[in-house]
Structures are given as C-alpha cells and as structure tokens.
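J.: Just passing along the structure, written as structure tokens.
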Amino acid sequence: MRKKIQLGMISLALIFLTGCVETNVIEELAIITARGIDVAEDDKIEKTVNFMRFDPQSDSIYGTVSGVGKTLKGAREVIARQVSYKLREGQLNAEIYGKGIAERGISSYIMSSVRDARTSDTMYLVVAEETAKEIFNAKSEEASRVGKFLDELLEKETEVGNIPSSSLQDFSRRAATTGQDGVIPIVGLKDGVPTLKGLGLFHNDQLALEISLKESLLLKLIIDDIKDTPFEMAIPSKPVEKYHDESPLILHEQNQEKQEVPLNFLIVEGKSKTNMKNFKNLTYETDISMKIDLLEIYDDIKINKRGVTKVLEKELEKEFKKQFEGLLNKTQEANVDPFGYGKIYRIAKKQGLITEEEWDEKYPKISVDFNVNVDIMHTGTTE
C-alpha cells in the first residue's frame with residue numbers, strides 16, 4: 001500500500017513538473033551562433049546575428065538578420081520582429097565588434113556577455129576590419145555560417161601559435177589584470193571569405209593599436225609557449241655570400257642583386273622568460289629560445305657546408321631581436337602593454353599594488369634587453 005502511495009505521489013509530481021517546463025518545437029527555433037555590434041546613426045547600435053535553423057524544407061540552415069536600437073536589447077527586439085521563429089542564444093561561437101565600436105570601448109558588451117549564463121566563456125571575440133555587418137553579409141559559404149567558421153578558424157590559428165587566445169575568458173582575464181592589456185584578432189574579407197588580418201591591442205577597453213600577423217606571433221612567443229609554428233623571415237645576404245654554390249648548374253645572375261635571403265622554417269619549440277633587471281630604472285631582460293627546422297632557402301647556398309648553419313642561426317637571432325625591439329617600441333608609442341611587463345613590475349613592487357594610471361606613466365619609459373637564441377635542428381630544401 002505504501003509503495004502505491006509513493007508511486008502515485010511521484011506520478012503527480014512529474015505531471016506538475018512537466019507543466020512548469022517550457023516546451024519548444026525544434027522547427028520553431030533558431031539558434032544564434034554569432035552576433036555583431038556596430039555603430040549606427042544617431043548614436044544608436046546595430047546588432048547583426050547569424051543563426052542556425054532546423055528547417056528540413058529550407059535550402060540553407062543558416063540565416064542573418066540585423067536590427068538597430070538605442071540598446072542591445074532594443075536592437076534584439078527589432079530583429080525578433082523580422083523573423084517568424086524564436087531566437088535562442090544558446091550556442092554563441094563568436095562576437096564581432098565593428099571597428100567603430102572597438103575604438104569607442106567594449107567593456108559594457110563584455111560585461112553583458114560575462115553576466116549572461118547562456119554565453120560560453122570559450123566564445124571568441126573578434127574585431128572587424130571595417131564593420132561587423134559587412135562580414136555577416138558577405139557572399140560566401142563561409143560568411144553564411146560565420147559563427148561556426150570563425151570558431152574553427154580561430155581555434156586552429158591559436159593552436160598553431162599564430163595568435164594568442166581571444167576567448168571571452170582570456171580577454172576578460174587580461175583586461176582585468178593591472179599591468180597587462182587584452183588582445184583580439186582582426187578579421188576582414190578576402191573574396192568574400194572572412195580572413196584573419198592581424199591583431200588588435202586594447203588599452204583598457206578601447207582598440208589602441210593594430211599589429212600584423214607576424215608581429216602577433218612575436219607577441220604570442222612572449223606571453224605563451226609555441227609549438228610547430230610556421231614562420232618566414234629574411235636575413236641579409238652578405239653574411240652567407242661565401243657559402244654560395246658555385247656549381248655551373250646554378251644561375252648566379254638571378255642572385256647577384258639580392259640584398260636579402262628569404263628563409264622559411266618551422267618553430268618546433270619556442271619559449272621565453274622575463275625577469276626585471278632593475279626596478280628603479282625600469283629595465284627588463286627577456287630570454288627567448290627557439291628550436292627550428294629549416295624548410296626552404298630561396299638562394300644558391302650550400303646548406304650542408306660546414307659553418308653555414310651557425311651563420312644562419314646568428315643572423316636569425318639578430319633579425320628576431322630587431323623585430324622584438326620594433327614591436328616593443330610600437331606598443332610604447334601607443335601606450336598599450338600586451339606583454340604583461342606591468343605584471344612583473346607589480347610583483348617586484350614592495351606593496352604589490354599598482355594603478356592603471358601609474359603604469360600608463362611608466363610603460364613608455366621601460367627598456368627590455370631581448371636575448372634570442374635560435375637552434376637549427378634540421379635543414380630542408382634549397383631553391
């Protein structure tokens with residue numbers, strides 16, 4: 001008897017619980033996979049979303065729609081009135097900020113995403129080369145599913161080591177750390193396909209500086225280890241002149257006017273470590289070590305000749321040092337510290353406290369001695 005009563009109570013509970021849960025027909029839903037934010041006229045905001053629909057009768061499961069409002073929620077309501085199905089933000093892969101929004105400041109949008117339990121902290125943040133809407137509405141298969149495409153593209157480029165991670169979690173952590181600024185990749189269009197163009201460096205919450213993908217890899221090497229990352233660099237031709245192949249099969253006339261020797265290589269392993277040399281003088285020492293596989297040399301050099309490897313290593317070290325110094329100078333001019341030298345300063349300080357204003361005043365004055373060590377493990381082809 002007791003068991004029957006218990007079963008009856010469970011059955012009633014299930015009935016009432018079922019009535020409390022909102023049910024949705026899957027064909028009536030659209031899942032938002034990416035959203036974009038742009039500046040609109042009259043200081044309004046334009047929001048664009050890319051969604052995935054479960055409609056077996058449709059030619060494409062993806063769609064894009066935009067709306068303008070004074071707030072993001074207002075823009076979303078305008079979007080909702082343009083579609084006959086329910087929009088859900090349960091699987092956001094990417095949020096794209098138009099350059100105008102990025103330069104104006106993105107902290108309010110970041111905080112909105114952080115507070116939203118439906119937003120994954122692994123969602124990628126992106127800055128559009130021009131406007132987010134332009135990327136969403138590009139005529140290509142990749143743009144039609146821009147959320148999924150950018151998720152795959154940025155995950156691959158982060159794993160390869162070309163760019164630092166730009167997830168919501170990573171950007172929020174860096175931006176909230178006094179003494180280090182956040183970074184977000186810049187995406188533009190090439191033949192209608194969303195393409196990685198560079199890296200945006202943010203001071204506080206505003207886009208302060210844009211750097212190239214090559215400079216992005218240098219930054220990645222300072223703030224994180226890299227592995228199996230392809231790279232291309234040119235060194236002066238004069239140091240390797242004596243190693244030129246004198247074979248009659250080589251057309252030497254092609255190389256007589258060359259001032260540089262382009263090299264293509266794989267950074268098998270790259271590591272760095274930074275120490276503060278002198279707190280008072282704001283001097284640092286950053287040691288960078290790389291093990292590389294040389295893949296191609298576009299010159300008539302006897303790569304297997306004794307001594308040539310050491311010369312190539314020495315010239316690569318010089319060129320890397322030069323490029324690291326150039327990147328540091330560029331960030332100091334813009335007063336944006338993506339490396340995190342301010343964190344090291346804060347740790348070295350007795351009280352361990354530093355304000356943003358204090359580091360803004362000190363960062364342009366720091367000096368860094370970059371010690372680069374390159375070890376060529378294997379050599380490949382010569383062209």
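Convention: chains lettered A, B, ... in structure tokens order; per-chain residue numbering from 1; ligands numbered from 1 as shown.
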List the neighbours of range 172-177 of chain A out to 12 Å using only C-alpha atoms; skip same-chain residues closer than 5 positions along the sequence, and give me the result as a PyMOL selection string.
T.: chain A and resi 106-115+121-125+164-167+182-184+201-207+223+336-344+346+353-356+359
J.: Those residues you just picked out, can you put them in a file as a compact mmCIF listing (two decimals), in the first residue's frame with N, CA and C atoms?
T.:
```txt
# COMPACT_ATOMS: atom_id res chain seq x y z
N ILE A 106 34.51 48.54 -25.46
CA ILE A 106 33.67 47.34 -25.49
C ILE A 106 33.37 46.78 -24.10
N SER A 107 33.73 47.50 -23.04
CA SER A 107 33.57 46.94 -21.70
C SER A 107 32.13 46.59 -21.36
N SER A 108 31.18 47.44 -21.78
CA SER A 108 29.77 47.16 -21.45
C SER A 108 29.29 45.89 -22.12
N TYR A 109 29.75 45.63 -23.35
CA TYR A 109 29.34 44.42 -24.06
C TYR A 109 30.02 43.19 -23.47
N ILE A 110 31.27 43.35 -23.06
CA ILE A 110 31.98 42.24 -22.41
C ILE A 110 31.28 41.86 -21.11
N MET A 111 30.95 42.85 -20.30
CA MET A 111 30.29 42.58 -19.02
C MET A 111 28.92 41.95 -19.23
N SER A 112 28.22 42.38 -20.26
CA SER A 112 26.91 41.79 -20.56
C SER A 112 27.06 40.31 -20.89
N SER A 113 28.11 39.97 -21.65
CA SER A 113 28.35 38.56 -22.00
C SER A 113 28.78 37.75 -20.79
N VAL A 114 29.63 38.35 -19.95
CA VAL A 114 30.12 37.65 -18.75
C VAL A 114 28.97 37.34 -17.80
N ARG A 115 28.02 38.28 -17.67
CA ARG A 115 26.90 38.09 -16.74
C ARG A 115 25.84 37.13 -17.27
N ASP A 121 32.13 30.94 -21.86
CA ASP A 121 33.35 31.72 -21.69
C ASP A 121 34.41 31.35 -22.73
N THR A 122 34.13 30.33 -23.56
CA THR A 122 35.06 29.98 -24.65
C THR A 122 34.68 30.67 -25.96
N MET A 123 33.62 31.47 -25.97
CA MET A 123 33.22 32.22 -27.15
C MET A 123 34.37 33.15 -27.59
N TYR A 124 34.65 33.18 -28.90
CA TYR A 124 35.74 34.02 -29.40
C TYR A 124 35.25 35.46 -29.61
N LEU A 125 36.14 36.39 -29.28
CA LEU A 125 35.90 37.81 -29.55
C LEU A 125 36.69 38.20 -30.78
N PRO A 164 47.52 34.82 -29.97
CA PRO A 164 47.13 34.44 -28.61
C PRO A 164 45.63 34.13 -28.56
N SER A 165 45.21 33.41 -27.56
CA SER A 165 43.80 33.07 -27.42
C SER A 165 42.97 34.34 -27.22
N SER A 166 41.81 34.38 -27.88
CA SER A 166 40.94 35.56 -27.77
C SER A 166 39.55 35.18 -27.29
N SER A 167 39.48 34.15 -26.46
CA SER A 167 38.18 33.76 -25.91
C SER A 167 37.70 34.83 -24.93
N GLY A 182 44.55 43.52 -23.04
CA GLY A 182 43.96 42.43 -23.80
C GLY A 182 44.18 42.56 -25.29
N VAL A 183 44.02 41.43 -25.99
CA VAL A 183 44.20 41.39 -27.45
C VAL A 183 43.04 40.64 -28.07
N ILE A 184 42.65 41.08 -29.28
CA ILE A 184 41.56 40.44 -30.03
C ILE A 184 41.96 40.40 -31.51
N LEU A 201 45.23 45.42 -30.33
CA LEU A 201 45.68 45.55 -28.95
C LEU A 201 44.81 46.60 -28.25
N PHE A 202 44.27 46.23 -27.10
CA PHE A 202 43.33 47.09 -26.39
C PHE A 202 43.99 47.70 -25.16
N HIS A 203 43.78 49.00 -24.98
CA HIS A 203 44.18 49.66 -23.74
C HIS A 203 42.92 49.93 -22.95
N ASN A 204 42.84 49.34 -21.75
CA ASN A 204 41.59 49.30 -21.00
C ASN A 204 40.57 48.56 -21.88
N ASP A 205 39.56 49.22 -22.39
CA ASP A 205 38.58 48.50 -23.22
C ASP A 205 38.50 49.06 -24.64
N GLN A 206 39.49 49.87 -25.04
CA GLN A 206 39.45 50.52 -26.34
C GLN A 206 40.56 50.02 -27.25
N LEU A 207 40.25 49.83 -28.53
CA LEU A 207 41.24 49.44 -29.52
C LEU A 207 42.26 50.56 -29.66
N ILE A 223 54.23 35.86 -24.47
CA ILE A 223 53.24 35.61 -23.42
C ILE A 223 52.87 34.14 -23.29
N VAL A 336 50.26 50.79 -24.83
CA VAL A 336 49.47 49.58 -24.60
C VAL A 336 50.45 48.44 -24.32
N ASP A 337 50.23 47.72 -23.23
CA ASP A 337 51.16 46.68 -22.78
C ASP A 337 50.54 45.29 -22.89
N PRO A 338 50.62 44.65 -24.06
CA PRO A 338 50.07 43.30 -24.20
C PRO A 338 51.00 42.22 -23.65
N PHE A 339 52.28 42.58 -23.43
CA PHE A 339 53.27 41.60 -22.95
C PHE A 339 53.07 41.25 -21.48
N GLY A 340 52.62 42.20 -20.69
CA GLY A 340 52.47 41.97 -19.27
C GLY A 340 53.68 42.39 -18.46
N TYR A 341 54.48 43.34 -18.98
CA TYR A 341 55.62 43.83 -18.21
C TYR A 341 55.15 44.54 -16.94
N GLY A 342 53.94 45.09 -17.00
CA GLY A 342 53.38 45.74 -15.82
C GLY A 342 53.10 44.76 -14.69
N LYS A 343 52.74 43.52 -15.03
CA LYS A 343 52.52 42.49 -14.00
C LYS A 343 53.81 42.20 -13.26
N ILE A 344 54.90 42.11 -14.02
CA ILE A 344 56.20 41.83 -13.41
C ILE A 344 56.62 42.99 -12.50
N ARG A 346 54.57 44.98 -10.96
CA ARG A 346 53.70 44.94 -9.78
C ARG A 346 54.20 43.90 -8.77
N LEU A 353 51.13 46.59 -5.33
CA LEU A 353 49.97 47.31 -5.85
C LEU A 353 50.40 48.33 -6.89
N ILE A 354 49.60 48.47 -7.93
CA ILE A 354 49.88 49.45 -8.97
C ILE A 354 48.55 49.85 -9.61
N THR A 355 48.41 51.12 -9.95
CA THR A 355 47.19 51.59 -10.62
C THR A 355 47.43 51.64 -12.12
N GLU A 356 46.34 51.67 -12.87
CA GLU A 356 46.44 51.79 -14.33
C GLU A 356 47.14 53.09 -14.72
N TRP A 359 50.95 52.81 -14.25
CA TRP A 359 51.64 52.04 -15.29
C TRP A 359 51.58 52.76 -16.64
```
J.: List the spatial neighbours of Thr71 in chain A as a list in words - criterion: any atom at most 12 Å away, only C-alpha atoms, same-chain residues fewer than 6 positions off excluded.
T.: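 My list of contacting residues is Ile37, Asp38, Val39, Ala40, Asp43, Lys44, Ile45, Glu46, Lys47, Glu77, Val78, Ser108, Tyr109 and Ser112 of chain A.
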J.: As a list in words, which residues of range 153-222 of chain A does DSSP assign to strand (DSSP E)?
T.: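 Taking range 153-222 of chain A and keeping strand (DSSP E) only, one gets Val183, Ile184, Pro185, Ile186, Val187, Gly188, Leu189, Lys190, Val193, Pro194, Thr195, Leu196, Lys197, Gly198, Leu199, Gly200, Leu201, Phe202, His203, Gln206, Leu207, Ala208, Leu209, Glu210 and Ile211 of chain A.
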J.: Between CA of Ala75 in chain A and CA of Ser144 in chain A, measure the distance and give it in Å to one decimal.
T.: 20.8 Å
J.: Can you list every residue in range 110-284 of chain A that DSSP puts in alpha helix (DSSP H), as a PyMOL selection string?
T.: chain A and resi 110-115+132-136+141-144+146-160+168-175+213-223
J.: How about saving the chosen residues, N, CA and C atoms kept, as a short mmCIF file (atom, residue, chain, number, x, y, z; two decimals), in the first residue's frame?
T.:
```
data_model
loop_
_atom_site.label_atom_id
_atom_site.label_comp_id
_atom_site.auth_asym_id
_atom_site.auth_seq_id
_atom_site.Cartn_x
_atom_site.Cartn_y
_atom_site.Cartn_z
N ILE A 110 31.27 43.35 -23.06
CA ILE A 110 31.98 42.24 -22.41
C ILE A 110 31.28 41.86 -21.11
N MET A 111 30.95 42.85 -20.30
CA MET A 111 30.29 42.58 -19.02
C MET A 111 28.92 41.95 -19.23
N SER A 112 28.22 42.38 -20.26
CA SER A 112 26.91 41.79 -20.56
C SER A 112 27.06 40.31 -20.89
N SER A 113 28.11 39.97 -21.65
CA SER A 113 28.35 38.56 -22.00
C SER A 113 28.78 37.75 -20.79
N VAL A 114 29.63 38.35 -19.95
CA VAL A 114 30.12 37.65 -18.75
C VAL A 114 28.97 37.34 -17.80
N ARG A 115 28.02 38.28 -17.67
CA ARG A 115 26.90 38.09 -16.74
C ARG A 115 25.84 37.13 -17.27
N ALA A 132 31.09 44.90 -38.56
CA ALA A 132 30.69 43.51 -38.34
C ALA A 132 29.64 43.10 -39.38
N LYS A 133 28.72 43.99 -39.68
CA LYS A 133 27.64 43.68 -40.62
C LYS A 133 28.19 43.28 -41.99
N GLU A 134 29.27 43.93 -42.41
CA GLU A 134 29.89 43.63 -43.69
C GLU A 134 30.35 42.18 -43.74
N ILE A 135 30.89 41.67 -42.65
CA ILE A 135 31.36 40.29 -42.59
C ILE A 135 30.18 39.33 -42.60
N PHE A 136 29.13 39.64 -41.85
CA PHE A 136 27.96 38.78 -41.79
C PHE A 136 27.26 38.65 -43.16
N GLU A 141 30.10 30.96 -48.75
CA GLU A 141 29.58 29.90 -47.88
C GLU A 141 30.10 30.08 -46.45
N GLU A 142 31.38 30.51 -46.35
CA GLU A 142 31.98 30.70 -45.03
C GLU A 142 31.29 31.81 -44.25
N ALA A 143 30.94 32.91 -44.95
CA ALA A 143 30.27 34.02 -44.27
C ALA A 143 28.84 33.66 -43.88
N SER A 144 28.20 32.79 -44.66
CA SER A 144 26.83 32.41 -44.35
C SER A 144 26.73 31.63 -43.04
N VAL A 146 29.09 32.17 -40.42
CA VAL A 146 30.25 32.88 -39.88
C VAL A 146 30.59 32.48 -38.45
N GLY A 147 29.59 32.19 -37.62
CA GLY A 147 29.88 31.80 -36.25
C GLY A 147 30.67 30.51 -36.18
N LYS A 148 30.21 29.49 -36.87
CA LYS A 148 30.89 28.20 -36.89
C LYS A 148 32.25 28.32 -37.57
N PHE A 149 32.31 29.08 -38.67
CA PHE A 149 33.56 29.23 -39.41
C PHE A 149 34.64 29.91 -38.57
N LEU A 150 34.29 31.02 -37.90
CA LEU A 150 35.27 31.74 -37.08
C LEU A 150 35.71 30.90 -35.88
N ASP A 151 34.80 30.12 -35.34
CA ASP A 151 35.15 29.24 -34.23
C ASP A 151 36.24 28.26 -34.65
N GLU A 152 36.08 27.67 -35.84
CA GLU A 152 37.06 26.71 -36.36
C GLU A 152 38.37 27.40 -36.73
N LEU A 153 38.27 28.57 -37.39
CA LEU A 153 39.45 29.30 -37.85
C LEU A 153 40.31 29.76 -36.67
N LEU A 154 39.70 30.39 -35.69
CA LEU A 154 40.46 30.94 -34.57
C LEU A 154 41.01 29.85 -33.65
N GLU A 155 40.28 28.75 -33.52
CA GLU A 155 40.80 27.63 -32.74
C GLU A 155 42.05 27.07 -33.38
N LYS A 156 42.02 26.94 -34.71
CA LYS A 156 43.18 26.41 -35.44
C LYS A 156 44.37 27.36 -35.34
N GLU A 157 44.16 28.66 -35.56
CA GLU A 157 45.25 29.63 -35.54
C GLU A 157 45.84 29.78 -34.14
N THR A 158 45.01 29.62 -33.11
CA THR A 158 45.51 29.68 -31.74
C THR A 158 46.37 28.45 -31.43
N GLU A 159 45.91 27.29 -31.88
CA GLU A 159 46.67 26.05 -31.64
C GLU A 159 47.98 26.05 -32.39
N VAL A 160 47.98 26.56 -33.63
CA VAL A 160 49.21 26.62 -34.42
C VAL A 160 50.21 27.58 -33.79
N LEU A 168 36.42 34.81 -24.64
CA LEU A 168 35.85 35.76 -23.67
C LEU A 168 36.56 35.65 -22.34
N GLN A 169 36.86 34.43 -21.92
CA GLN A 169 37.54 34.20 -20.65
C GLN A 169 38.95 34.81 -20.65
N ASP A 170 39.73 34.55 -21.71
CA ASP A 170 41.11 35.03 -21.76
C ASP A 170 41.19 36.55 -21.86
N PHE A 171 40.33 37.14 -22.71
CA PHE A 171 40.35 38.59 -22.84
C PHE A 171 39.94 39.25 -21.53
N SER A 172 38.90 38.74 -20.90
CA SER A 172 38.42 39.32 -19.64
C SER A 172 39.49 39.24 -18.56
N ARG A 173 40.20 38.12 -18.53
CA ARG A 173 41.25 37.95 -17.51
C ARG A 173 42.38 38.95 -17.72
N ARG A 174 42.83 39.09 -18.99
CA ARG A 174 43.93 40.03 -19.26
C ARG A 174 43.49 41.47 -19.03
N ALA A 175 42.30 41.80 -19.50
CA ALA A 175 41.82 43.18 -19.38
C ALA A 175 41.60 43.58 -17.92
N LEU A 213 50.11 39.94 -38.50
CA LEU A 213 50.11 38.56 -38.03
C LEU A 213 51.51 38.11 -37.64
N LYS A 214 52.52 38.62 -38.34
CA LYS A 214 53.90 38.28 -37.98
C LYS A 214 54.23 38.84 -36.60
N GLU A 215 53.81 40.07 -36.34
CA GLU A 215 54.02 40.66 -35.01
C GLU A 215 53.19 39.95 -33.95
N SER A 216 52.03 39.45 -34.37
CA SER A 216 51.18 38.70 -33.45
C SER A 216 51.88 37.45 -32.96
N LEU A 217 52.62 36.77 -33.86
CA LEU A 217 53.37 35.58 -33.46
C LEU A 217 54.48 35.94 -32.49
N LEU A 218 55.14 37.08 -32.71
CA LEU A 218 56.18 37.53 -31.78
C LEU A 218 55.60 37.76 -30.39
N LEU A 219 54.42 38.39 -30.34
CA LEU A 219 53.75 38.62 -29.07
C LEU A 219 53.38 37.30 -28.41
N LYS A 220 52.85 36.38 -29.20
CA LYS A 220 52.47 35.06 -28.68
C LYS A 220 53.68 34.37 -28.05
N LEU A 221 54.84 34.54 -28.67
CA LEU A 221 56.07 33.91 -28.17
C LEU A 221 56.50 34.48 -26.82
N ILE A 222 56.14 35.73 -26.54
CA ILE A 222 56.49 36.35 -25.27
C ILE A 222 55.53 35.92 -24.16
N ILE A 223 54.23 35.86 -24.47
CA ILE A 223 53.24 35.61 -23.42
C ILE A 223 52.87 34.14 -23.29
#
```
J.: Would you list the contacts of Ala334 in chain A as number ranges by chain, taking every protein, DNA or RNA residue within 7 Å and counting only C-alpha atoms, but skipping same-chain residues closer than 3 positions in sequence?
T.: A: 208-209, 330-331
J.: Any idea what the distance is between CA of Ile292 in chain A and CA of Val311 in chain A?
T.: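 Atom-to-atom, CA of Ile292 in chain A to CA of Val311 in chain A, that is 14.4 Å.
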J.: I'd like the neighbourhood of Met52 in chain A as a PyMOL selection string, where a residue qualifies if any of its atoms comes within 12 Å (using only C-alpha atoms), though same-chain residues fewer than 5 positions away should be ignored.
T.: chain A and resi 26-34+58+60-65+85-93+144-148
J.: Please, what distance in Å, to one decimal, runs between CA of Phe54 in chain A and CA of Arg35 in chain A?
T.: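 Between CA of Phe54 in chain A and CA of Arg35 in chain A the gap works out to 18.7 Å.
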J.: Using only C-alpha atoms, can you tell me which of A:Lys139, A:Lys349, A:Lys227, A:His378 comes closest to Gly192 in chain A?
T.: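 Among the listed residues, the smallest separation from Gly192 in chain A belongs to A:Lys139.
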J.: Go through A:Glu296, A:Glu210, A:Asp42, A:Asp224 and flag the residue nearest Gly161 in chain A, using only C-alpha atoms for the distances.
T.: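 Checking each of A:Glu296, A:Glu210, A:Asp42, A:Asp224 against Gly161 in chain A, counting only C-alpha atoms, the winner is A:Asp224.
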J.: Using only C-alpha atoms, find the one residue out of A:Asp293, A:Glu317, A:Asp225, A:Glu130 that sits nearest to Asn162 in chain A.
T.: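 Result for the nearest residue to Asn162 in chain A: A:Asp225.
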J.: Range 318-325 of chain A: which residues within 7 Å, counting only C-alpha atoms, same-chain residues fewer than 5 positions away excluded, as a count of residues only?
T.: 4
J.: Using only C-alpha atoms, determine which residues lie at most 10 Å from Leu312 in chain A, disregarding the query and same-chain residues fewer than 6 positions distant; provide the list as a list in words.
T.: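 Here the qualifying residues turn out to be Ile235, Pro236, Pro239, Val240, Leu263, Leu294, Ile303, Lys318, Val374, Asp375 and Ile376 of chain A.
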J.: Write the selection just made, keeping C-alpha atoms, as a compact mmCIF listing (two decimals), in the first residue's frame?
T.:
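The result, stored in again36.txt:
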```
# COMPACT_ATOMS: atom_id res chain seq x y z
CA ILE A 235 68.22 37.81 -43.42
CA PRO A 236 70.96 39.93 -45.06
CA PRO A 239 76.99 37.13 -44.20
CA VAL A 240 76.28 33.99 -46.29
CA LEU A 263 64.01 31.68 -45.16
CA LEU A 294 64.73 25.00 -41.75
CA ILE A 303 73.18 24.45 -46.78
CA LYS A 318 69.79 39.38 -34.89
CA VAL A 374 67.99 30.07 -32.30
CA ASP A 375 68.94 26.42 -32.71
CA ILE A 376 68.53 24.92 -36.20
```
